[in-house]
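*Asks:* Just so it is clear, I am handing over upload-v4.cif, which has mmCIF, C-alpha atoms.
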```cif
data_target
#
loop_
_atom_site.label_atom_id
_atom_site.label_comp_id
_atom_site.auth_asym_id
_atom_site.auth_seq_id
_atom_site.Cartn_x
_atom_site.Cartn_y
_atom_site.Cartn_z
CA MET N 1 23.62 -1.76 -7.72
CA PRO N 2 23.22 1.16 -8.29
CA HIS N 3 24.80 3.27 -5.58
CA PHE N 4 23.96 6.98 -5.50
CA ILE N 5 26.53 9.08 -3.64
CA ALA N 6 26.16 12.80 -2.94
CA GLU N 7 29.27 14.63 -1.79
CA TYR N 8 28.38 18.08 -0.53
CA SER N 9 29.91 21.19 0.99
CA SER N 10 29.16 21.50 4.69
CA ASN N 11 27.55 24.91 4.21
CA LEU N 12 24.52 23.05 2.81
CA ASP N 13 23.74 21.15 6.03
CA GLU N 14 20.74 23.28 6.94
CA SER N 15 19.52 23.76 3.36
CA VAL N 16 19.22 20.29 1.81
CA ASP N 17 16.94 17.46 2.86
CA PHE N 18 19.04 14.59 1.58
CA GLN N 19 16.52 12.02 2.81
CA GLU N 20 13.91 13.58 0.50
CA LEU N 21 16.39 13.58 -2.38
CA PHE N 22 17.14 9.90 -1.71
CA THR N 23 13.43 9.07 -1.59
CA GLN N 24 13.01 10.61 -5.04
CA VAL N 25 16.20 9.04 -6.45
CA ASN N 26 15.45 5.55 -5.14
CA HIS N 27 11.86 5.76 -6.39
CA PHE N 28 13.03 6.90 -9.82
CA LEU N 29 15.74 4.24 -10.12
CA GLY N 30 13.43 1.49 -8.91
CA ASN N 31 10.81 2.45 -11.47
CA THR N 32 13.13 2.52 -14.49
CA GLY N 33 12.91 -1.24 -14.91
CA VAL N 34 16.69 -1.15 -15.32
CA PHE N 35 17.85 -1.45 -11.70
CA PRO N 36 16.65 -3.92 -9.07
CA LEU N 37 15.18 -2.19 -6.02
CA GLY N 38 17.13 -4.39 -3.61
CA GLY N 39 20.44 -3.10 -4.94
CA ILE N 40 19.76 0.63 -4.70
CA ARG N 41 21.78 2.51 -2.05
CA SER N 42 21.87 6.26 -1.52
CA ARG N 43 24.14 8.18 0.81
CA ALA N 44 25.52 11.63 1.46
CA ILE N 45 29.05 12.52 2.43
CA ARG N 46 29.57 15.90 4.07
CA LEU N 47 32.84 17.60 3.18
CA ASP N 48 34.25 20.03 5.70
CA GLN N 49 37.47 20.77 3.84
CA TYR N 50 36.89 22.33 0.42
CA ARG N 51 37.39 25.44 -1.65
CA VAL N 52 35.15 26.55 -4.51
CA ALA N 53 36.25 28.96 -7.24
CA ASP N 54 38.01 32.01 -5.76
CA GLY N 55 36.89 31.18 -2.21
CA GLN N 56 35.63 34.73 -1.78
CA HIS N 57 31.93 33.94 -1.41
CA ASP N 58 29.70 31.40 0.29
CA TYR N 59 29.77 29.03 -2.66
CA ALA N 60 28.22 25.60 -2.20
CA PHE N 61 28.39 22.40 -4.20
CA VAL N 62 26.92 18.95 -4.54
CA HIS N 63 28.67 16.34 -6.67
CA MET N 64 26.65 13.19 -7.23
CA THR N 65 27.79 9.88 -8.61
CA LEU N 66 25.68 6.93 -9.67
CA LYS N 67 27.74 3.75 -9.73
CA VAL N 68 26.09 1.01 -11.76
CA GLY N 69 26.97 -2.57 -12.48
CA SER N 70 28.14 -3.48 -15.95
CA GLY N 71 26.01 -5.00 -18.67
CA ARG N 72 23.64 -2.23 -19.73
CA ASP N 73 24.13 -0.63 -23.13
CA LEU N 74 25.12 3.02 -23.49
CA GLU N 75 21.68 4.10 -24.69
CA THR N 76 20.01 2.62 -21.59
CA ARG N 77 22.56 4.18 -19.24
CA GLN N 78 22.38 7.54 -21.00
CA LYS N 79 18.58 7.65 -20.81
CA ALA N 80 18.58 6.82 -17.09
CA ALA N 81 21.37 9.32 -16.37
CA THR N 82 19.73 12.12 -18.33
CA GLU N 83 16.37 11.61 -16.64
CA LEU N 84 17.98 11.34 -13.21
CA PHE N 85 19.91 14.57 -13.75
CA GLY N 86 16.60 16.26 -14.65
CA LEU N 87 15.18 15.09 -11.32
CA ILE N 88 18.31 16.35 -9.52
CA GLU N 89 18.14 19.76 -11.19
CA GLN N 90 14.47 20.09 -10.30
CA PHE N 91 15.18 19.13 -6.68
CA PHE N 92 17.93 21.74 -6.31
CA GLN N 93 16.31 24.54 -8.35
CA PRO N 94 14.73 26.32 -5.35
CA LEU N 95 18.10 26.37 -3.60
CA LYS N 96 19.87 27.64 -6.74
CA GLU N 97 17.47 30.58 -6.73
CA GLN N 98 18.64 31.48 -3.20
CA ARG N 99 22.41 30.98 -3.29
CA LEU N 100 25.51 30.23 -5.36
CA LEU N 101 25.43 26.49 -5.98
CA ALA N 102 27.34 24.13 -8.27
CA ILE N 103 25.63 20.83 -9.07
CA SER N 104 27.37 18.01 -10.89
CA PHE N 105 26.45 14.42 -11.63
CA GLU N 106 28.15 11.47 -13.29
CA MET N 107 27.25 7.87 -13.91
CA THR N 108 30.06 5.35 -13.76
CA GLU N 109 29.93 1.72 -14.83
CA LEU N 110 31.81 -0.67 -12.56
CA ASP N 111 34.22 -3.27 -13.86
CA PRO N 112 32.39 -6.54 -14.54
CA VAL N 113 35.19 -8.68 -13.07
CA LEU N 114 36.51 -6.57 -10.18
CA ASN N 115 33.14 -5.76 -8.63
CA PHE N 116 32.11 -8.01 -5.75
CA LYS N 117 28.71 -8.14 -4.00
CA SER N 118 26.91 -10.04 -1.30
CA ASN N 119 23.29 -9.15 -0.62
CA ASN N 120 20.32 -10.86 1.02
CA ILE N 121 17.94 -7.94 0.43
CA HIS N 122 16.89 -9.15 -3.03
CA GLN N 123 15.57 -12.42 -1.61
CA PHE N 124 13.87 -10.61 1.26
CA LEU N 125 12.01 -8.28 -1.14
CA LYS N 126 11.06 -11.22 -3.35
CA ASN N 127 9.56 -13.01 -0.33
CA GLN N 128 7.55 -9.86 0.56
CA SER N 129 5.65 -10.03 -2.74
#
```
Represent the structure of the file as structure tokens.
*Replies:*
Amino acid sequence: MPHFIAEYSSNLDESVDFQELFTQVNHFLGNTGVFPLGGIRSRAIRLDQYRVADGQHDYAFVHMTLKVGSGRDLETRQKAATELFGLIEQFFQPLKEQRLLAISFEMTELDPVLNFKSNNIHQFLKNQS
């Protein structure tokens, strides 16, 4: 963990370089000292069926979620979430200056018991050092 998920309106396909956003997000998360690099996943989900506000204009949206494993205190999670949202806002600012765009972000903490993982990437990265 964490998993960063960006759900976005399809009218942003030509406007957003999600790979660049993911590069910045993964770099940020990996450098917090809070999240192990081997657990970071980022992905985008294009939504073709949506309606924003009154539906009368070419509104666009991106809703991002950061799912994190349990065990970090609120202060640690809040600091990481606040700083990550600052990065997100900076990334999307040029686009907000060009079009109507709603940006939202939430961090959710996964249940400590009902969260299952299997991952060999951690060991691979450790062996690379």
*Asks:* Do you have, as a Markdown table, the list of residues of range 50-94 of chain N lying at most 7 Å from range 103-122 of chain N, each with its nearest atom pair and that distance in Å to one decimal, counting only C-alpha atoms and ordered by chain then number?
*Replies:*
```
| residue | atom | partner | partner_atom | distance |
| --- | --- | --- | --- | --- |
| N:Phe61 | CA | N:Ile103 | CA | 5.8 |
| N:Val62 | CA | N:Ile103 | CA | 5.1 |
| N:His63 | CA | N:Ser104 | CA | 4.7 |
| N:Met64 | CA | N:Phe105 | CA | 4.6 |
| N:Thr65 | CA | N:Glu106 | CA | 5.0 |
| N:Leu66 | CA | N:Met107 | CA | 4.6 |
| N:Lys67 | CA | N:Thr108 | CA | 4.9 |
| N:Val68 | CA | N:Glu109 | CA | 5.0 |
| N:Gly69 | CA | N:Leu110 | CA | 5.2 |
| N:Ser70 | CA | N:Pro112 | CA | 5.4 |
| N:Ala81 | CA | N:Met107 | CA | 6.5 |
| N:Phe85 | CA | N:Phe105 | CA | 6.9 |
```
*Asks:* Please produce a file of those selected residues containing C-alpha atoms, as a short mmCIF file (atom, residue, chain, number, x, y, z; two decimals), in the frame of the given file.
*Replies:*
```
data_model
loop_
_atom_site.label_atom_id
_atom_site.label_comp_id
_atom_site.auth_asym_id
_atom_site.auth_seq_id
_atom_site.Cartn_x
_atom_site.Cartn_y
_atom_site.Cartn_z
CA PHE N 61 28.39 22.40 -4.20
CA VAL N 62 26.92 18.95 -4.54
CA HIS N 63 28.67 16.34 -6.67
CA MET N 64 26.65 13.19 -7.23
CA THR N 65 27.79 9.88 -8.61
CA LEU N 66 25.68 6.93 -9.67
CA LYS N 67 27.74 3.75 -9.73
CA VAL N 68 26.09 1.01 -11.76
CA GLY N 69 26.97 -2.57 -12.48
CA SER N 70 28.14 -3.48 -15.95
CA ALA N 81 21.37 9.32 -16.37
CA PHE N 85 19.91 14.57 -13.75
#
```
*Asks:* I'd like to see the residues matched by the PyMOL selection byres ((chain N and resi 91) around 12) on this file, and ideally I'd get them as a PDB file with C-alpha atoms, in the coordinates of the input.
*Replies:*
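Below is the file part11.pdb, written as the result:
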```pdb
ATOM      1  CA  SER N  15      19.520  23.760   3.360  1.00  0.00           C
ATOM      2  CA  VAL N  16      19.220  20.290   1.810  1.00  0.00           C
ATOM      3  CA  ASP N  17      16.940  17.460   2.860  1.00  0.00           C
ATOM      4  CA  PHE N  18      19.040  14.590   1.580  1.00  0.00           C
ATOM      5  CA  GLN N  19      16.520  12.020   2.810  1.00  0.00           C
ATOM      6  CA  GLU N  20      13.910  13.580   0.500  1.00  0.00           C
ATOM      7  CA  LEU N  21      16.390  13.580  -2.380  1.00  0.00           C
ATOM      8  CA  PHE N  22      17.140   9.900  -1.710  1.00  0.00           C
ATOM      9  CA  THR N  23      13.430   9.070  -1.590  1.00  0.00           C
ATOM     10  CA  GLN N  24      13.010  10.610  -5.040  1.00  0.00           C
ATOM     11  CA  VAL N  25      16.200   9.040  -6.450  1.00  0.00           C
ATOM     12  CA  VAL N  62      26.920  18.950  -4.540  1.00  0.00           C
ATOM     13  CA  LEU N  84      17.980  11.340 -13.210  1.00  0.00           C
ATOM     14  CA  PHE N  85      19.910  14.570 -13.750  1.00  0.00           C
ATOM     15  CA  GLY N  86      16.600  16.260 -14.650  1.00  0.00           C
ATOM     16  CA  LEU N  87      15.180  15.090 -11.320  1.00  0.00           C
ATOM     17  CA  ILE N  88      18.310  16.350  -9.520  1.00  0.00           C
ATOM     18  CA  GLU N  89      18.140  19.760 -11.190  1.00  0.00           C
ATOM     19  CA  GLN N  90      14.470  20.090 -10.300  1.00  0.00           C
ATOM     20  CA  PHE N  92      17.930  21.740  -6.310  1.00  0.00           C
ATOM     21  CA  GLN N  93      16.310  24.540  -8.350  1.00  0.00           C
ATOM     22  CA  PRO N  94      14.730  26.320  -5.350  1.00  0.00           C
ATOM     23  CA  LEU N  95      18.100  26.370  -3.600  1.00  0.00           C
ATOM     24  CA  LYS N  96      19.870  27.640  -6.740  1.00  0.00           C
ATOM     25  CA  GLU N  97      17.470  30.580  -6.730  1.00  0.00           C
ATOM     26  CA  ILE N 103      25.630  20.830  -9.070  1.00  0.00           C
TER      27      ILE N 103
END
```
*Asks:* Do you know which residues the PyMOL selection byres ((chain N and resi 7) around 7) returns on this file, as a list in words?
*Replies:*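 Answer for the PyMOL selection byres ((chain N and resi 7) around 7): Ile5, Ala6, Tyr8, Ala44, Ile45, Arg46, Leu47, Val62, His63 and Met64 of chain N.
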*Asks:* Quick one: pull the distance between CA of Ala80 in chain N and CA of Leu37 in chain N, Å, one decimal.
*Replies:* 14.7 Å
*Asks:* Mind listing as an NGL selection string all residues within 12 Å of (32.4, 26.8, -2.3), counting only C-alpha atoms?
*Replies:* :N and (8-12 or 47-63 or 99-103)
*Asks:* Could you tell me, as an MDAnalysis selection string, exactly which residues end up selected when the PyMOL selection byres ((chain N and resi 42) around 7) is applied to this structure?
*Replies:* chainID N and resid 3:5 22 40:41 43
*Asks:* Let me make sure I understand: among N:Leu74, N:Gln123, N:Thr82, N:Gly39, which one has the smallest atom-to-atom distance to Asn26 in chain N if we use only C-alpha atoms?
*Replies:*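 Smallest distance to Asn26 in chain N is found for N:Gly39.
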*Asks:* Mind giving me the straight-line distance from CA of His27 in chain N to CA of Lys79 in chain N in Å, one decimal?
*Replies:*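 So the answer is 16.0 Å.
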*Asks:* Kindly give the distance, in Å, that separates CA of Glu75 in chain N and CA of Gly38 in chain N, rounded to a single decimal.
*Replies:*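 About the pair CA of Glu75 in chain N and CA of Gly38 in chain N: they are 23.2 Å apart.
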